[in-house]
Structures are given as structure tokens and as C-alpha cells.
$ cat upload-v9.txt   # compact mmCIF, C-alpha atoms
# COMPACT_ATOMS: atom_id res chain seq x y z
CA MET B 626 0.00 0.00 0.00
CA ARG B 627 2.82 2.35 0.95
CA ASN B 628 4.69 1.62 -2.28
CA TRP B 629 1.52 2.30 -4.28
CA ILE B 630 1.09 5.69 -2.57
CA GLU B 631 4.72 6.63 -3.27
CA MET B 632 4.38 5.59 -6.93
CA SER B 633 1.17 7.61 -7.21
CA LYS B 634 2.90 10.69 -5.81
CA GLU B 635 5.82 10.30 -8.20
CA HIS B 636 3.41 9.90 -11.11
CA THR B 637 1.48 13.03 -10.06
CA ILE B 638 4.68 15.08 -9.73
CA PHE B 639 5.80 13.88 -13.15
CA GLU B 640 2.46 14.92 -14.70
CA ILE B 641 2.70 18.35 -13.07
CA TRP B 642 6.26 18.78 -14.37
CA VAL B 643 5.22 17.78 -17.90
CA TYR B 644 2.41 20.33 -17.76
CA LEU B 645 4.60 23.13 -16.42
CA SER B 646 7.48 22.47 -18.82
CA GLY B 647 5.11 22.82 -21.76
CA SER B 648 3.39 25.94 -20.42
CA PRO B 649 4.30 29.42 -21.69
CA LEU B 650 4.15 30.67 -18.07
CA PHE B 651 7.04 28.35 -17.23
CA ALA B 652 9.17 30.09 -19.85
CA LEU B 653 8.38 33.49 -18.32
CA PHE B 654 9.20 32.19 -14.84
CA LEU B 655 12.41 30.61 -16.13
CA THR B 656 13.55 33.83 -17.79
CA LEU B 657 12.91 36.02 -14.76
CA THR B 658 14.48 33.50 -12.37
CA ALA B 659 17.58 33.10 -14.54
CA TYR B 660 18.10 36.85 -14.67
CA GLN B 661 17.61 37.19 -10.92
CA ILE B 662 20.25 34.50 -10.37
CA GLY B 663 22.59 36.31 -12.77
CA LEU B 664 21.97 39.62 -10.98
CA THR B 665 22.65 38.04 -7.59
CA ILE B 666 25.95 36.59 -8.84
CA TYR B 667 26.86 39.95 -10.41
CA ARG B 668 26.31 41.77 -7.10
CA HIS B 669 28.08 39.05 -5.13
CA PHE B 670 31.23 39.61 -7.20
CA LYS B 671 30.95 43.39 -6.68
CA GLN B 672 29.78 44.16 -10.23
CA ASN B 673 32.72 42.45 -11.88
CA PRO B 674 32.22 42.81 -15.67
CA LEU B 675 33.07 39.13 -16.16
CA ALA B 676 29.98 38.20 -14.10
CA ASN B 677 27.59 39.84 -16.55
CA PRO B 678 24.00 39.03 -15.43
CA VAL B 679 22.60 38.87 -18.99
CA ALA B 680 25.29 36.40 -20.07
CA ILE B 681 24.63 34.25 -17.00
CA ALA B 682 20.87 34.33 -17.60
CA ILE B 683 21.26 33.34 -21.26
CA ILE B 684 23.45 30.37 -20.34
CA LEU B 685 20.98 29.22 -17.65
CA VAL B 686 17.95 29.55 -19.94
CA ALA B 687 19.69 27.84 -22.87
CA CYS B 688 20.85 24.92 -20.71
CA THR B 689 17.43 24.51 -19.09
CA ILE B 690 15.34 24.46 -22.27
CA GLN B 691 17.88 22.10 -23.83
CA LEU B 692 17.72 19.82 -20.78
CA ILE B 693 13.91 19.63 -20.71
CA ASP B 694 13.70 19.51 -24.53
CA MET B 695 11.44 22.57 -24.78
CA PRO B 696 10.95 23.85 -28.35
CA TYR B 697 12.01 27.45 -28.86
CA SER B 698 8.53 28.33 -30.14
CA THR B 699 7.03 27.19 -26.83
CA TYR B 700 9.62 29.11 -24.86
CA PHE B 701 9.02 32.29 -26.84
CA GLU B 702 5.27 32.13 -26.18
CA GLY B 703 6.06 32.86 -22.55
CA ALA B 704 9.09 35.08 -23.07
CA GLN B 705 7.42 37.33 -25.68
CA PHE B 706 6.02 39.54 -22.91
CA ILE B 707 9.61 40.41 -21.93
CA HIS B 708 10.40 40.85 -25.62
CA PHE B 709 7.53 43.36 -25.81
CA LEU B 710 8.86 45.27 -22.80
CA LEU B 711 12.28 45.50 -24.43
CA GLY B 712 11.02 48.18 -26.79
CA SER B 713 9.39 50.12 -23.94
CA ALA B 714 12.58 49.94 -21.88
CA THR B 715 14.55 51.33 -24.82
CA VAL B 716 12.17 54.27 -25.21
CA SER B 717 12.26 54.96 -21.45
CA LEU B 718 15.97 55.78 -21.74
CA ALA B 719 14.80 59.17 -23.03
CA ILE B 720 14.26 60.16 -19.38
CA PRO B 721 17.93 60.14 -18.29
CA ILE B 722 18.85 61.74 -21.63
CA TYR B 723 16.45 64.63 -20.93
CA ARG B 724 17.82 65.04 -17.41
CA GLY B 725 21.39 65.16 -18.73
CA LEU B 726 20.83 67.63 -21.59
CA SER B 727 22.30 70.50 -19.58
CA SER B 728 25.66 68.73 -19.44
CA LEU B 729 25.94 68.51 -23.25
CA LYS B 730 27.04 72.13 -23.68
CA GLY B 731 30.41 72.27 -25.39
CA ARG B 732 30.43 68.52 -26.05
CA SER B 733 28.11 68.28 -29.05
CA LEU B 734 30.77 68.23 -31.79
CA PRO B 735 33.08 65.66 -30.09
CA LEU B 736 30.09 63.43 -29.37
CA LEU B 737 28.78 63.68 -32.94
CA ALA B 738 32.23 62.86 -34.33
CA ALA B 739 32.51 59.89 -31.96
CA LEU B 740 29.03 58.72 -32.94
CA VAL B 741 29.68 58.75 -36.69
CA THR B 742 33.17 57.25 -36.39
CA GLY B 743 32.12 54.57 -33.91
CA GLY B 744 29.01 53.63 -35.86
CA LEU B 745 30.89 53.28 -39.15
CA MET B 746 33.75 51.33 -37.59
CA SER B 747 31.35 48.91 -35.91
CA ILE B 748 29.85 48.13 -39.32
CA PHE B 749 32.97 47.99 -41.48
CA SER B 750 35.07 46.01 -39.01
CA ALA B 751 32.41 43.34 -38.39
CA VAL B 752 31.38 43.03 -42.05
CA ASN B 753 34.93 42.78 -43.37
CA ILE B 754 36.02 40.30 -40.70
CA ALA B 755 33.02 38.14 -41.59
CA LYS B 756 33.95 38.33 -45.28
CA LEU B 757 37.58 37.43 -44.56
CA LEU B 758 36.42 34.39 -42.60
CA GLY B 759 34.28 33.24 -45.53
CA ALA B 760 30.85 33.83 -43.95
CA ASP B 761 27.79 33.59 -46.18
CA ASN B 762 25.62 36.56 -47.08
CA SER B 763 23.04 35.97 -44.36
CA ILE B 764 25.69 36.27 -41.64
CA ILE B 765 27.40 39.22 -43.32
CA GLY B 766 24.06 41.02 -43.64
CA GLY B 767 23.27 40.43 -39.98
CA MET B 768 26.55 42.11 -39.04
CA TYR B 769 25.48 45.52 -40.35
CA PRO B 770 23.09 46.42 -37.50
CA LYS B 771 24.72 44.27 -34.78
CA SER B 772 25.83 47.32 -32.72
CA VAL B 773 22.32 48.79 -32.64
CA THR B 774 19.93 47.96 -29.80
CA ALA B 775 18.04 44.75 -30.57
CA PRO B 776 14.50 46.13 -31.32
CA ILE B 777 15.89 48.65 -33.83
CA ALA B 778 18.41 46.15 -35.22
CA MET B 779 15.63 43.66 -35.98
CA GLY B 780 13.64 46.37 -37.76
CA ILE B 781 16.70 47.30 -39.83
CA ALA B 782 17.25 43.63 -40.66
CA GLU B 783 13.72 43.36 -42.06
CA ARG B 784 14.27 46.46 -44.20
CA ILE B 785 17.49 45.17 -45.76
CA GLY B 786 16.15 41.63 -46.20
CA VAL B 787 18.24 39.63 -43.72
CA SER B 788 17.20 37.42 -40.82
CA PRO B 789 15.91 39.44 -37.81
CA THR B 790 16.51 36.42 -35.56
CA LEU B 791 20.14 36.09 -36.62
CA THR B 792 20.59 39.84 -36.27
CA ALA B 793 19.15 39.75 -32.74
CA ILE B 794 21.66 37.03 -31.80
CA PHE B 795 24.55 39.15 -33.09
CA ALA B 796 23.19 42.24 -31.32
CA VAL B 797 22.83 40.49 -27.96
CA ALA B 798 26.27 38.88 -28.29
CA THR B 799 27.77 42.29 -29.14
CA GLY B 800 26.09 43.88 -26.13
CA ILE B 801 27.30 41.17 -23.74
CA LEU B 802 30.88 41.20 -25.04
CA GLY B 803 30.93 44.99 -25.03
CA ALA B 804 29.67 45.19 -21.45
CA ILE B 805 32.29 42.66 -20.34
CA LEU B 806 35.31 43.96 -22.28
CA ALA B 807 34.64 47.72 -22.37
CA PRO B 808 36.03 48.50 -18.86
CA PHE B 809 39.30 46.73 -19.66
CA VAL B 810 39.64 48.42 -23.06
CA LEU B 811 38.80 51.89 -21.74
CA ASN B 812 41.18 51.48 -18.80
CA ALA B 813 43.95 50.43 -21.20
CA LEU B 814 43.27 53.58 -23.26
CA GLY B 815 43.44 55.73 -20.15
CA MET B 816 39.90 57.05 -20.61
CA LYS B 817 38.73 58.22 -17.16
CA ALA B 818 35.93 60.76 -17.73
CA TRP B 819 32.58 59.08 -17.09
CA TRP B 820 30.82 60.85 -19.95
CA GLN B 821 33.46 59.62 -22.40
CA ARG B 822 33.38 56.07 -21.08
CA GLY B 823 29.58 55.98 -21.12
CA PHE B 824 29.25 57.34 -24.65
CA ALA B 825 31.78 54.83 -26.00
CA ILE B 826 29.95 51.95 -24.29
CA GLY B 827 26.58 53.13 -25.59
CA ILE B 828 27.80 53.16 -29.18
CA GLY B 829 29.54 49.79 -29.04
CA ALA B 830 27.38 47.78 -26.64
CA HIS B 831 23.91 49.44 -26.87
CA GLY B 832 21.29 48.40 -24.25
CA ILE B 833 23.27 45.78 -22.33
CA GLY B 834 26.28 48.09 -22.17
CA THR B 835 24.05 50.96 -21.07
CA SER B 836 22.66 48.87 -18.23
CA ARG B 837 26.23 48.12 -17.17
CA ALA B 838 27.13 51.84 -17.37
CA PHE B 839 24.18 52.83 -15.16
CA SER B 840 25.22 50.27 -12.56
CA ILE B 841 28.68 51.88 -12.36
CA HIS B 842 27.99 55.63 -12.54
CA PRO B 843 24.88 57.73 -13.36
CA GLU B 844 26.77 60.07 -15.71
CA ALA B 845 28.17 57.11 -17.63
CA GLY B 846 24.66 55.65 -17.89
CA THR B 847 23.19 58.93 -19.12
CA TYR B 848 25.76 59.28 -21.90
CA ALA B 849 25.52 55.60 -22.78
CA SER B 850 21.75 55.90 -23.23
CA LEU B 851 22.28 59.07 -25.27
CA ALA B 852 24.78 57.27 -27.52
CA MET B 853 22.53 54.25 -27.90
CA GLY B 854 19.53 56.37 -28.86
CA MET B 855 21.45 58.54 -31.32
CA ASN B 856 23.16 55.50 -32.84
CA GLY B 857 19.79 53.78 -33.23
CA ILE B 858 18.28 56.77 -35.08
CA LEU B 859 21.32 57.30 -37.30
CA SER B 860 21.68 53.59 -38.05
CA ALA B 861 18.01 53.16 -38.94
CA VAL B 862 18.51 55.73 -41.71
CA ALA B 863 22.09 55.02 -42.78
CA ILE B 864 22.45 51.22 -42.63
CA PRO B 865 19.85 50.41 -45.34
CA ILE B 866 21.59 52.93 -47.62
CA LEU B 867 25.04 51.53 -46.89
CA TYR B 868 23.85 47.94 -47.27
CA HIS B 869 22.32 48.48 -50.71
CA LEU B 870 25.28 50.65 -51.74
CA PHE B 871 27.80 47.88 -50.99
CA ASN B 872 25.62 45.00 -52.20
CA GLN B 873 24.51 46.17 -55.61

$ encode --input "upload-v9.txt" --output "C-alpha cells"
Amino acid sequence: MRNWIEMSKEHTIFEIWVYLSGSPLFALFLTLTAYQIGLTIYRHFKQNPLANPVAIAIILVACTIQLIDMPYSTYFEGAQFIHFLLGSATVSLAIPIYRGLSSLKGRSLPLLAALVTGGLMSIFSAVNIAKLLGADNSIIGGMYPKSVTAPIAMGIAERIGVSPTLTAIFAVATGILGAILAPFVLNALGMKAWWQRGFAIGIGAHGIGTSRAFSIHPEAGTYASLAMGMNGILSAVAIPILYHLFNQ
């Protein structure tokens, strides 16, 4: 009798797990939990750039859905709410930009020069490296908007006729690598002013880098969000022109 009860409990737990693993709500719970774990680890290591919370969350989510054999389409049904909020979060960065407008006096020309130079270099370096490595056209095309924040990058990808999904992967990978490596690169260059560091991170590592900048210093976060927004607007106009110009 006791064995039968134990088997019944195990069977019930298994049925509940099968139901939850196939539910879109499980994907939402998994995503939020993974990020919270990543954020806890990030804070535990005193905001070390190597302990990037987004990178940790991605690894945890990828390993989990692979382990339970959850199709990506099922996962995205639950995670699409967070995907929807991504666009709203990007727009909300206008608030710190507005608050920091007074500090832009005398810096407009250097920032504009940095924006154009950084935006062009991010495109030409990635595209030409991909070509040198023998990548196919779908990968090369996805490299054009990879330094733009993901919602805008995916829109650009649709306009130039390349895969938005592939572009989003490149954009997220760029943001994570930028957030991790930027402090080391900027320290090596001797760049100490927070507004300069933040603007450089915003151009090269968009939203994920901006989040990292805000966690370090408010001025760096303000200039990172400014750079990300300006780069997104400029890229939305310029990248389709550049893409069709170089792929005629």
C-alpha cells in the first residue's frame, strides 16, 4: 500500500512537471528567475564585468530548455512579454537623456564625431572580418546592425532583407561582449571621464552596455543611453543605404 502511494505521488509530480514544462508561463518564470540569479551573482562579485548578469541568464535559460527539450517556439510564447517590454525599456531611456541635456554644452561636436566614427567602424570592421572568414551573405548582412539595440536592429534587418533572428543574436552577443570587455579596453586607453566612457559603451554595446554603465555611474549611464539612442536613429537611416550601396 505504501509503495503504491509513493508511486502515485511520483506519477502526479511527473504529470505536473510535464504540464509546467510545456506551459508558456514556465518560460516566463524561467527567464525572470535566470536573470535574478545572474543579478545576484553579479552583485556578489561586486559588479565584476566578467559576471555579466545577462550572459549568465542566457546560459541558464539555454541549458534549461535544452535539458527539458522545450521547443524554442514554446519558450518564446512565454518570453514574448519580456520581448515586448524591451522596446518600452529602450524608449524609457529618453528620461535620463532629458535630465542630462544641460551637461551637453560644449560637447556636441566631439560626441557627434565619436558617434559617426564609432558607428561606421562597428559596421565595417564586423562586415569585413566576416567576409575574410568566408561567412555567407546571411551572416554578413546580420553584421550591419549588430551594434544597434536589438528592437531597432531587428527592424533594420527586415528592411534590408536579412534574418531578424540572426541579427538579434549578433546584437545580444555584441552587447554582452561589449559590457564585459569595455572596462578593460577603456582602462587600457586611459579614458577616465565618465561621460566619455559611457558614450563609448553606448555606441559599441547598446542596451546591455548601457545597463552596465548605469550600474557603475549615473553620468556614464546617461551618456551611454544618449549614444545608444542617437546611434539607433542614425543607423536606422544610414544602414539600409550603406547595405544596398555595398551590395549592388

$ closest_residue --input "upload-v9.txt" --among "B:Pro678, B:Pro735, B:Pro770, B:Pro789" --to "Ile864 in chain B" --atoms "only C-alpha atoms"
B:Pro770

$ residues_around --input "upload-v9.txt" --residues "Leu859 in chain B" --least-positions-apart "5" --cutoff "10 Å" --atoms "all atoms listed in the file" --output "list in words"
Leu740, Val741, Gly744, Val773, Met853, Gly854 and Ile864 of chain B

$ closest_residue --input "upload-v9.txt" --among "B:Asn812, B:Ser733, B:Thr742, B:Asn673" --to "Leu851 in chain B" --atoms "only C-alpha atoms"
B:Ser733

$ closest_residue --input "upload-v9.txt" --among "B:Ile777, B:Leu802, B:Ala852, B:Ile684" --to "Ser713 in chain B" --atoms "all atoms listed in the file"
B:Ile777

$ atom_distance --input "upload-v9.txt" --atom1 "CA of Ala760 in chain B" --atom2 "CA of Ala830 in chain B"
22.5 Å

$ atom_distance --input "upload-v9.txt" --atom1 "CA of Ile681 in chain B" --atom2 "CA of Leu664 in chain B"
8.5 Å

$ atom_distance --input "upload-v9.txt" --atom1 "CA of Ile693 in chain B" --atom2 "CA of Ala652 in chain B"
11.5 Å

$ residues_around --input "upload-v9.txt" --residues "range 707-712 of chain B" --least-positions-apart "6" --cutoff "9 Å" --atoms "only C-alpha atoms" --output "PyMOL selection string"
chain B and resi 653+656+701+775-777

$ residues_around --input "upload-v9.txt" --residues "range 835-846 of chain B" --least-positions-apart "3" --cutoff "7 Å" --atoms "only C-alpha atoms" --output "PDB file with C-alpha atoms, in the coordinates of the input"
ATOM      1  CA  ALA B 804      29.670  45.190 -21.450  1.00  0.00           C
ATOM      2  CA  TRP B 819      32.580  59.080 -17.090  1.00  0.00           C
ATOM      3  CA  TRP B 820      30.820  60.850 -19.950  1.00  0.00           C
ATOM      4  CA  ARG B 822      33.380  56.070 -21.080  1.00  0.00           C
ATOM      5  CA  GLY B 823      29.580  55.980 -21.120  1.00  0.00           C
ATOM      6  CA  ILE B 826      29.950  51.950 -24.290  1.00  0.00           C
ATOM      7  CA  GLY B 827      26.580  53.130 -25.590  1.00  0.00           C
ATOM      8  CA  HIS B 831      23.910  49.440 -26.870  1.00  0.00           C
ATOM      9  CA  GLY B 832      21.290  48.400 -24.250  1.00  0.00           C
ATOM     10  CA  ALA B 849      25.520  55.600 -22.780  1.00  0.00           C
ATOM     11  CA  SER B 850      21.750  55.900 -23.230  1.00  0.00           C
TER      12      SER B 850
END

$ closest_residue --input "upload-v9.txt" --among "B:Val752, B:Ile805, B:Gly815, B:Gly829" --to "Asn872 in chain B" --atoms "all atoms listed in the file"
B:Val752

$ axis_aligned_box --input "upload-v9.txt" --around "range 784-797 of chain B" --padding-each-side "5 Å" --output "lines of an AutoDock Vina configuration file"
center_x = 19.4
center_y = 41.3
center_z = -37.1
size_x = 20.3
size_y = 20.4
size_z = 28.2

$ closest_residue --input "upload-v9.txt" --among "B:Asn856, B:Gln672, B:Gln661, B:Thr790" --to "Leu685 in chain B" --atoms "only C-alpha atoms"
B:Gln661

$ closest_residue --input "upload-v9.txt" --among "B:Ala680, B:Phe809, B:Tyr868, B:Ala793" --to "Asn762 in chain B" --atoms "only C-alpha atoms"
B:Tyr868

$ residues_near_point --input "upload-v9.txt" --point "(23.9, 48.9, -47.8)" --cutoff "12 Å" --atoms "all atoms listed in the file" --output "JSON, numbers by chain"
{"B": [745, 748, 749, 752, 765, 766, 767, 768, 769, 770, 781, 782, 784, 785, 786, 787, 860, 861, 862, 863, 864, 865, 866, 867, 868, 869, 870, 871, 872, 873]}

$ decode --input "upload-v9.txt" --residues "range 832-847 of chain B" --atoms "all heavy atoms" --output "PDB file, in the first residue's frame"
ATOM      1  N   GLY B 832      22.091  48.502 -25.473  1.00  0.00           N
ATOM      2  CA  GLY B 832      21.295  48.405 -24.251  1.00  0.00           C
ATOM      3  C   GLY B 832      21.973  47.672 -23.108  1.00  0.00           C
ATOM      4  O   GLY B 832      21.894  48.104 -21.949  1.00  0.00           O
ATOM      5  N   ILE B 833      22.623  46.560 -23.389  1.00  0.00           N
ATOM      6  CA  ILE B 833      23.271  45.784 -22.334  1.00  0.00           C
ATOM      7  C   ILE B 833      24.445  46.572 -21.764  1.00  0.00           C
ATOM      8  O   ILE B 833      24.658  46.604 -20.548  1.00  0.00           O
ATOM      9  CB  ILE B 833      23.732  44.416 -22.869  1.00  0.00           C
ATOM     10  CG1 ILE B 833      22.519  43.626 -23.373  1.00  0.00           C
ATOM     11  CG2 ILE B 833      24.474  43.628 -21.799  1.00  0.00           C
ATOM     12  CD1 ILE B 833      22.869  42.312 -24.049  1.00  0.00           C
ATOM     13  N   GLY B 834      25.193  47.240 -22.642  1.00  0.00           N
ATOM     14  CA  GLY B 834      26.279  48.086 -22.166  1.00  0.00           C
ATOM     15  C   GLY B 834      25.770  49.271 -21.372  1.00  0.00           C
ATOM     16  O   GLY B 834      26.382  49.678 -20.374  1.00  0.00           O
ATOM     17  N   THR B 835      24.635  49.834 -21.794  1.00  0.00           N
ATOM     18  CA  THR B 835      24.045  50.962 -21.074  1.00  0.00           C
ATOM     19  C   THR B 835      23.616  50.553 -19.668  1.00  0.00           C
ATOM     20  O   THR B 835      23.811  51.300 -18.705  1.00  0.00           O
ATOM     21  CB  THR B 835      22.842  51.513 -21.859  1.00  0.00           C
ATOM     22  OG1 THR B 835      23.296  51.998 -23.131  1.00  0.00           O
ATOM     23  CG2 THR B 835      22.168  52.644 -21.108  1.00  0.00           C
ATOM     24  N   SER B 836      23.030  49.383 -19.554  1.00  0.00           N
ATOM     25  CA  SER B 836      22.663  48.868 -18.233  1.00  0.00           C
ATOM     26  C   SER B 836      23.888  48.731 -17.343  1.00  0.00           C
ATOM     27  O   SER B 836      23.860  49.085 -16.164  1.00  0.00           O
ATOM     28  CB  SER B 836      21.973  47.506 -18.392  1.00  0.00           C
ATOM     29  OG  SER B 836      21.680  46.942 -17.134  1.00  0.00           O
ATOM     30  N   ARG B 837      24.971  48.233 -17.906  1.00  0.00           N
ATOM     31  CA  ARG B 837      26.234  48.119 -17.173  1.00  0.00           C
ATOM     32  C   ARG B 837      26.741  49.496 -16.762  1.00  0.00           C
ATOM     33  O   ARG B 837      27.187  49.703 -15.634  1.00  0.00           O
ATOM     34  CB  ARG B 837      27.255  47.399 -18.056  1.00  0.00           C
ATOM     35  CG  ARG B 837      28.709  47.554 -17.647  1.00  0.00           C
ATOM     36  CD  ARG B 837      29.050  46.793 -16.405  1.00  0.00           C
ATOM     37  NE  ARG B 837      30.452  47.021 -16.039  1.00  0.00           N
ATOM     38  CZ  ARG B 837      30.989  46.627 -14.915  1.00  0.00           C
ATOM     39  NH1 ARG B 837      30.267  45.972 -14.026  1.00  0.00           N
ATOM     40  NH2 ARG B 837      32.259  46.870 -14.645  1.00  0.00           N
ATOM     41  N   ALA B 838      26.656  50.485 -17.669  1.00  0.00           N
ATOM     42  CA  ALA B 838      27.130  51.836 -17.373  1.00  0.00           C
ATOM     43  C   ALA B 838      26.337  52.469 -16.232  1.00  0.00           C
ATOM     44  O   ALA B 838      26.912  53.112 -15.343  1.00  0.00           O
ATOM     45  CB  ALA B 838      27.044  52.701 -18.633  1.00  0.00           C
ATOM     46  N   PHE B 839      25.014  52.294 -16.235  1.00  0.00           N
ATOM     47  CA  PHE B 839      24.180  52.835 -15.164  1.00  0.00           C
ATOM     48  C   PHE B 839      24.518  52.216 -13.814  1.00  0.00           C
ATOM     49  O   PHE B 839      24.435  52.878 -12.777  1.00  0.00           O
ATOM     50  CB  PHE B 839      22.698  52.609 -15.472  1.00  0.00           C
ATOM     51  CG  PHE B 839      22.043  53.741 -16.199  1.00  0.00           C
ATOM     52  CD1 PHE B 839      21.536  53.562 -17.480  1.00  0.00           C
ATOM     53  CD2 PHE B 839      21.936  54.987 -15.624  1.00  0.00           C
ATOM     54  CE1 PHE B 839      20.942  54.600 -18.167  1.00  0.00           C
ATOM     55  CE2 PHE B 839      21.338  56.048 -16.302  1.00  0.00           C
ATOM     56  CZ  PHE B 839      20.835  55.850 -17.574  1.00  0.00           C
ATOM     57  N   SER B 840      24.897  50.941 -13.820  1.00  0.00           N
ATOM     58  CA  SER B 840      25.221  50.270 -12.557  1.00  0.00           C
ATOM     59  C   SER B 840      26.543  50.757 -11.970  1.00  0.00           C
ATOM     60  O   SER B 840      26.800  50.560 -10.782  1.00  0.00           O
ATOM     61  CB  SER B 840      25.283  48.753 -12.768  1.00  0.00           C
ATOM     62  OG  SER B 840      26.421  48.382 -13.535  1.00  0.00           O
ATOM     63  N   ILE B 841      27.376  51.404 -12.803  1.00  0.00           N
ATOM     64  CA  ILE B 841      28.681  51.881 -12.357  1.00  0.00           C
ATOM     65  C   ILE B 841      28.624  53.349 -11.942  1.00  0.00           C
ATOM     66  O   ILE B 841      29.107  53.736 -10.877  1.00  0.00           O
ATOM     67  CB  ILE B 841      29.746  51.691 -13.454  1.00  0.00           C
ATOM     68  CG1 ILE B 841      29.884  50.207 -13.804  1.00  0.00           C
ATOM     69  CG2 ILE B 841      31.089  52.239 -12.992  1.00  0.00           C
ATOM     70  CD1 ILE B 841      30.263  49.317 -12.635  1.00  0.00           C
ATOM     71  N   HIS B 842      28.020  54.191 -12.816  1.00  0.00           N
ATOM     72  CA  HIS B 842      27.985  55.632 -12.536  1.00  0.00           C
ATOM     73  C   HIS B 842      26.824  56.265 -13.308  1.00  0.00           C
ATOM     74  O   HIS B 842      26.636  55.956 -14.488  1.00  0.00           O
ATOM     75  CB  HIS B 842      29.314  56.278 -12.942  1.00  0.00           C
ATOM     76  CG  HIS B 842      29.520  57.649 -12.375  1.00  0.00           C
ATOM     77  ND1 HIS B 842      28.991  58.786 -12.964  1.00  0.00           N
ATOM     78  CD2 HIS B 842      30.186  58.077 -11.266  1.00  0.00           C
ATOM     79  CE1 HIS B 842      29.341  59.848 -12.253  1.00  0.00           C
ATOM     80  NE2 HIS B 842      30.069  59.450 -11.217  1.00  0.00           N
ATOM     81  N   PRO B 843      26.047  57.154 -12.669  1.00  0.00           N
ATOM     82  CA  PRO B 843      24.881  57.735 -13.356  1.00  0.00           C
ATOM     83  C   PRO B 843      25.241  58.558 -14.585  1.00  0.00           C
ATOM     84  O   PRO B 843      24.509  58.547 -15.577  1.00  0.00           O
ATOM     85  CB  PRO B 843      24.231  58.612 -12.266  1.00  0.00           C
ATOM     86  CG  PRO B 843      25.283  58.797 -11.212  1.00  0.00           C
ATOM     87  CD  PRO B 843      26.122  57.575 -11.265  1.00  0.00           C
ATOM     88  N   GLU B 844      26.373  59.292 -14.542  1.00  0.00           N
ATOM     89  CA  GLU B 844      26.769  60.075 -15.711  1.00  0.00           C
ATOM     90  C   GLU B 844      27.142  59.171 -16.876  1.00  0.00           C
ATOM     91  O   GLU B 844      26.784  59.446 -18.029  1.00  0.00           O
ATOM     92  CB  GLU B 844      27.953  60.990 -15.372  1.00  0.00           C
ATOM     93  CG  GLU B 844      28.303  61.936 -16.517  1.00  0.00           C
ATOM     94  CD  GLU B 844      29.456  62.864 -16.195  1.00  0.00           C
ATOM     95  OE1 GLU B 844      30.218  62.566 -15.255  1.00  0.00           O
ATOM     96  OE2 GLU B 844      29.602  63.894 -16.881  1.00  0.00           O
ATOM     97  N   ALA B 845      27.828  58.075 -16.587  1.00  0.00           N
ATOM     98  CA  ALA B 845      28.174  57.113 -17.633  1.00  0.00           C
ATOM     99  C   ALA B 845      26.908  56.516 -18.234  1.00  0.00           C
ATOM    100  O   ALA B 845      26.804  56.356 -19.457  1.00  0.00           O
ATOM    101  CB  ALA B 845      29.063  56.010 -17.066  1.00  0.00           C
ATOM    102  N   GLY B 846      25.922  56.198 -17.403  1.00  0.00           N
ATOM    103  CA  GLY B 846      24.662  55.650 -17.893  1.00  0.00           C
ATOM    104  C   GLY B 846      23.896  56.628 -18.751  1.00  0.00           C
ATOM    105  O   GLY B 846      23.317  56.249 -19.784  1.00  0.00           O
ATOM    106  N   THR B 847      23.890  57.902 -18.341  1.00  0.00           N
ATOM    107  CA  THR B 847      23.190  58.931 -19.119  1.00  0.00           C
ATOM    108  C   THR B 847      23.783  59.069 -20.513  1.00  0.00           C
ATOM    109  O   THR B 847      23.067  59.098 -21.518  1.00  0.00           O
ATOM    110  CB  THR B 847      23.261  60.283 -18.388  1.00  0.00           C
ATOM    111  OG1 THR B 847      22.590  60.177 -17.125  1.00  0.00           O
ATOM    112  CG2 THR B 847      22.613  61.381 -19.220  1.00  0.00           C
TER     113      THR B 847
END
